[in-house]
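Structure first, then comments.
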Amino acid sequence: MIKKTPEKYFLFLMLFISGVLIFANLGNIYLWQDEACVAQLGKNVLKFGYPKLYDGKNVIIALPLAEFNAEYLSSYVTSQTWLEYYLVAASFSLFGINTFAARLPFALFGIAAVAVSYFLFSRIIRDKFVVRLATILLVFSVPFLLNVRQVSYSALVIFSVVWIFLSYIKLLAHERHAAASFVISNVFLFYSFFPLTFLIGIAILAHFILFRHYRDKAIMRSVTRIILAILLLISPAFFFLDLLLRVEMGRSRDLGALFLKFKANWLWINNYIFPFLILLLLTVKSIFSRRTGVSRVLFSLLATAAFLSAFYFLTSPGINLSRSVLLLIAVCACVAAVFWGRPDTDIFAYLKKNEFLVLFLIFILALIVSVSLSSDAPYFRYIVSVIPMFALITAAAIYHLCGKNWLLSGFLAGLLVFSNCLSIFPLRVLNSVSPIKDRSVFLFSEGIHRDLSRDRYKSDILNYFYEITHDYECTVEGVAKYLNRHGSPDDVVKISYNDIPAMFYTDLRIVSWRDPGGEAPDWMVPITSVPFLTDEKFLKNIEGVQYEKIVTDYPNICYSNLPEPLYHNFRTVGKTAMPIYFIFRDTKEVPRLIFYKKIKR
């Protein structure tokens with residue numbers, strides 16, 4: 001509870017600003033494939049009461065080459081818990097079926113995440129300057145804003161993870177209703193995105209044991225009831241969902257692929273959440289405060305070498321044992337430079353004083369390792385839950401660097417908000433010393449890692465301001481508007497991608513891009529870089545059928561509203577678009593959207 005009036009005003013101001021940034025132009029950009037999948041299943045919830053895959057005209061094919069048998073047509077989502085679908089359905093029932101209503105619940109939870117994060121920051125850090133700065137960094141975080149504006153569980157995950165940590169801290173402080181809050185927050189996370197429930201439970205358990213909170217008998221008496229309550233409330237999902245079968249750890253058995261994803265996830269953090277250059281600055285400041293004379297310079301040079309070695313390790317595509325060993329030695333030497341020879345340094349006392357920072361680091365490390373093992377590629381959306389934690393870590397680091405110098409602190413914070421120079425500068429220095437050779441890529445992970453290693457200077461917040469103040473035209477909008485204007489409800493459309501957005505925005509029958517068969521459709525819409533899946537039967541069915549080619553002014557790209565900040569197009573794509581990992585090559589001139597209409601005789 002906020003007792004001081006200035007803090008109330010500050011929080012209300014942050015909520016107002018976040019509301020403006022999140023809600024501005026919220027319904028302007030049409031839903032892309034993943035968003036439309038959630039929205040379409042939300043429509044099906046309104047119609048059937050549950051997220052059924054087939055609505056009577058169109059079917060969402062969850063897997064390639066799925067068979068359209070009676071069992072499949074009557075099936076429902078089993079690979080994910082359903083909270084997001086029911087939130088969308090509730091919004092549709094109140095505000096109608098449209099883009100804004102689809103995104104509304106997640107935008108609201110994005111604002112709620114700001115409020116809960118402020119309360120969490122206040123419990124961990126007593127200094128109001130750090131708390132306020134962390135909140136500001138979160139509110140103006142473009143990756144945070146992009147993800148909470150998506151029809152996706154990302155906003156729910158960010159909100160619930162912060163809520164769980166806040167409830168856990170209150171539980172350790174024996175506060176009233178803390179146990180109930182901890183139970184409800186964990187159940188909320190489970191029904192938002194179930195794998196993260198187990199991961200955050202492991203992190204909390206490790207922290208609980210490491211700092212010996214099990215010695216508190218009052219808490220231990222509540223632990224059993226808390227665990228039983230959580231298990232009881234999440235158990236219904238296991239009766240109708242095959243969730244346990246979806247936890248596929250070790251999907252990539254190739255050690256090189258695992259390391260590539262691991263390094264790419266850390267590059268995501270450096271480039272878009274927390275610049276690792278701040279760690280070097282903190283290390284050098286600590287060296288200068290603990291050393292004198294020539295040793296200051298020598299140890300600072302050693303720290304810089306270790307830091308650049310770490311970036312070289314992160315940007316190198318393969319595994320080099322000798323480089324890894326040298327990196328480990330350099331990092332250990334840096335730690336020694338900071339702490340060795342100082343009898344007043346008690347690392348264990350420091351960790352105890354900052355035990356919740358340790359909790360965050362355990363969770364962050366566990367998350368990076370788990371998504372590197374289980375995901376097919378290092379997508380940014382899988383690690384968005386760490387954004388509030390790094391906002392606090394960044395604010396605390398700025399305070400330690402600048403102290404009470406508000407002007408210098410404000411300058412550094414502004415540099416972080418309005419540019420990515422601190423993130424990209426080490427990559428540019430390293431590339432000037434040892435240029436990263438261009439390499440061919442064959443997998444999503446290779447493409448993402450390559451693009452992150454060569455990221456460019458930019459101001460995402462200025463690009464974001466442009467997006468929320470201007471109209472945005474995309475491929476999905478062109479498909480939907482043209483088919484609604486020139487098609488009829490009985491027409492069949494075969495589209496090579498963006499099939500689910502076409503289902504959401506039109507009344508036509510849409511043949512999924514994953515279905516290779518079917519009769520000769522009334523419309524064919526090729527989406528760039530995604531070829532039509534066809535079989536011999538389909539090719540025979542369209543043999544001799546004539547189609548009229550219709551060229552529009554809309555750009556023809558796969559992804560118009562990706563939440564990954566590296567690949568997000570902040571404005572209507574003109575002649576050139578950002579190279580994207582699915583294409584594996586630099587994009588040249590962007591083609592226009594083309595329709596092929598069957599000539600009926």
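Chain labels A, B, ... are given in the sequence in which chains occur in the structure tokens; within each chain residues are numbered consecutively from 1, and ligands are likewise numbered from 1 in the order shown.
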Closest atom pairs, residues of range 384-451 of chain A within 7 Å of range 128-138 of chain A, only C-alpha atoms, as a tab-separated table:
residue	atom	partner	partner_atom	distance
A:Pro388	CA	A:Leu138	CA	6.2
A:Ala391	CA	A:Ala134	CA	5.0
A:Leu392	CA	A:Ala134	CA	4.8
A:Ala395	CA	A:Ala134	CA	5.0
A:Ala396	CA	A:Val130	CA	5.8
A:Tyr399	CA	A:Val130	CA	6.7
A:Val417	CA	A:Leu137	CA	7.0
Set out as a tab-separated table a contact list for range 51-119 of chain A and range 176-192 of chain A with a cut-off of 7 Å, giving each residue of range 51-119 of chain A that qualifies its closest atom pair and distance in Å to one decimal, counting only C-alpha atoms, ordered by chain and rising residue number.
residue	atom	partner	partner_atom	distance
A:Thr81	CA	A:Tyr191	CA	5.0
A:Trp82	CA	A:Tyr191	CA	6.2
A:Leu83	CA	A:Tyr191	CA	5.5
A:Glu84	CA	A:Ser192	CA	6.5
Given the selection you just returned, output its residues as a file containing N, CA, C and O atoms, formatted as a compact mmCIF listing (two decimals), in the first residue's frame.
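Wrote part_23.txt, looks like this:
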# COMPACT_ATOMS: atom_id res chain seq x y z
N THR A 81 -2.94 -24.24 -22.15
CA THR A 81 -4.06 -23.89 -21.27
C THR A 81 -4.85 -22.74 -21.89
O THR A 81 -4.36 -22.02 -22.76
N TRP A 82 -6.08 -22.51 -21.43
CA TRP A 82 -7.07 -21.77 -22.21
C TRP A 82 -7.39 -20.36 -21.76
O TRP A 82 -8.28 -19.72 -22.31
N LEU A 83 -6.73 -19.83 -20.77
CA LEU A 83 -7.13 -18.53 -20.23
C LEU A 83 -7.18 -17.45 -21.31
O LEU A 83 -8.12 -16.64 -21.34
N GLU A 84 -6.18 -17.41 -22.19
CA GLU A 84 -6.15 -16.36 -23.21
C GLU A 84 -7.36 -16.41 -24.14
O GLU A 84 -7.88 -15.37 -24.56
Q.
Just want the 10 Å neighbourhood of Ile383 in chain A, counted on only C-alpha atoms, with same-chain residues fewer than 2 positions away dropped. Output as a ChimeraX atom specification.
A. /A:154,157-158,265-266,268-269,364,367-368,371,378-381,385-387
Q. Neighbours of Ser152 in chain A within 9 Å (only C-alpha atoms; same-chain residues fewer than 2 positions away dropped), as a PyMOL selection string?
A. chain A and resi 34-35+38+84+103+106+147-150+154-156
**Q.** Residue neighbourhood Gly49 in chain A, 10 Å, only C-alpha atoms, exclusion window fewer than 5 positions, as a list in words
**A.** Gly42, Lys43, Asn44, Tyr86 and Ala89 of chain A
Next, dump the selected residues to file, keeping only N, CA and C atoms, as a tab-separated table (two decimals), in the first residue's frame.
chain	number	residue	atom	x	y	z
A	42	GLY	N	-10.88	-17.62	-29.80
A	42	GLY	CA	-11.79	-16.86	-28.93
A	42	GLY	C	-13.18	-16.77	-29.53
A	43	LYS	N	-13.25	-16.56	-30.86
A	43	LYS	CA	-14.56	-16.58	-31.54
A	43	LYS	C	-15.23	-17.93	-31.38
A	44	ASN	N	-14.44	-19.00	-31.49
A	44	ASN	CA	-15.01	-20.34	-31.35
A	44	ASN	C	-15.49	-20.60	-29.93
A	86	TYR	N	-10.43	-17.48	-23.39
A	86	TYR	CA	-11.63	-17.01	-22.68
A	86	TYR	C	-11.58	-15.51	-22.44
A	89	ALA	N	-12.66	-14.10	-25.73
A	89	ALA	CA	-14.10	-14.31	-25.90
A	89	ALA	C	-14.92	-13.33	-25.06
Q) In terms of the shortest atom-to-atom distance over only C-alpha atoms, which of A:Pro516, A:Pro501, A:Pro489, A:Gly574 is closest to Lys57 in chain A? A)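 Distance minimum relative to Lys57 in chain A lands on A:Pro489.
Atom pair CA of Tyr118 in chain A / CA of Phe10 in chain A: separated by 10.2 Å.
Take CA of Leu282 in chain A and CA of Phe299 in chain A: the distance between them is 13.0 Å.
With CA of Asp515 in chain A on one side and CA of Val493 in chain A on the other, the separation reads 11.9 Å.
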Q | Shortest interatomic distance to Phe262 in chain A - which of A:His568, A:His449, A:Arg212, A:Lys494, counting only C-alpha atoms | A |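 Of A:His568, A:His449, A:Arg212, A:Lys494, the one nearest Phe262 in chain A, counting only C-alpha atoms, is A:His449.
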Q | Pick from A:Lys597, A:Arg592, A:Lys263, A:His470 nearest to Ile29 in chain A, counting only C-alpha atoms | A |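 Of all the options, A:His470 lies closest to Ile29 in chain A.
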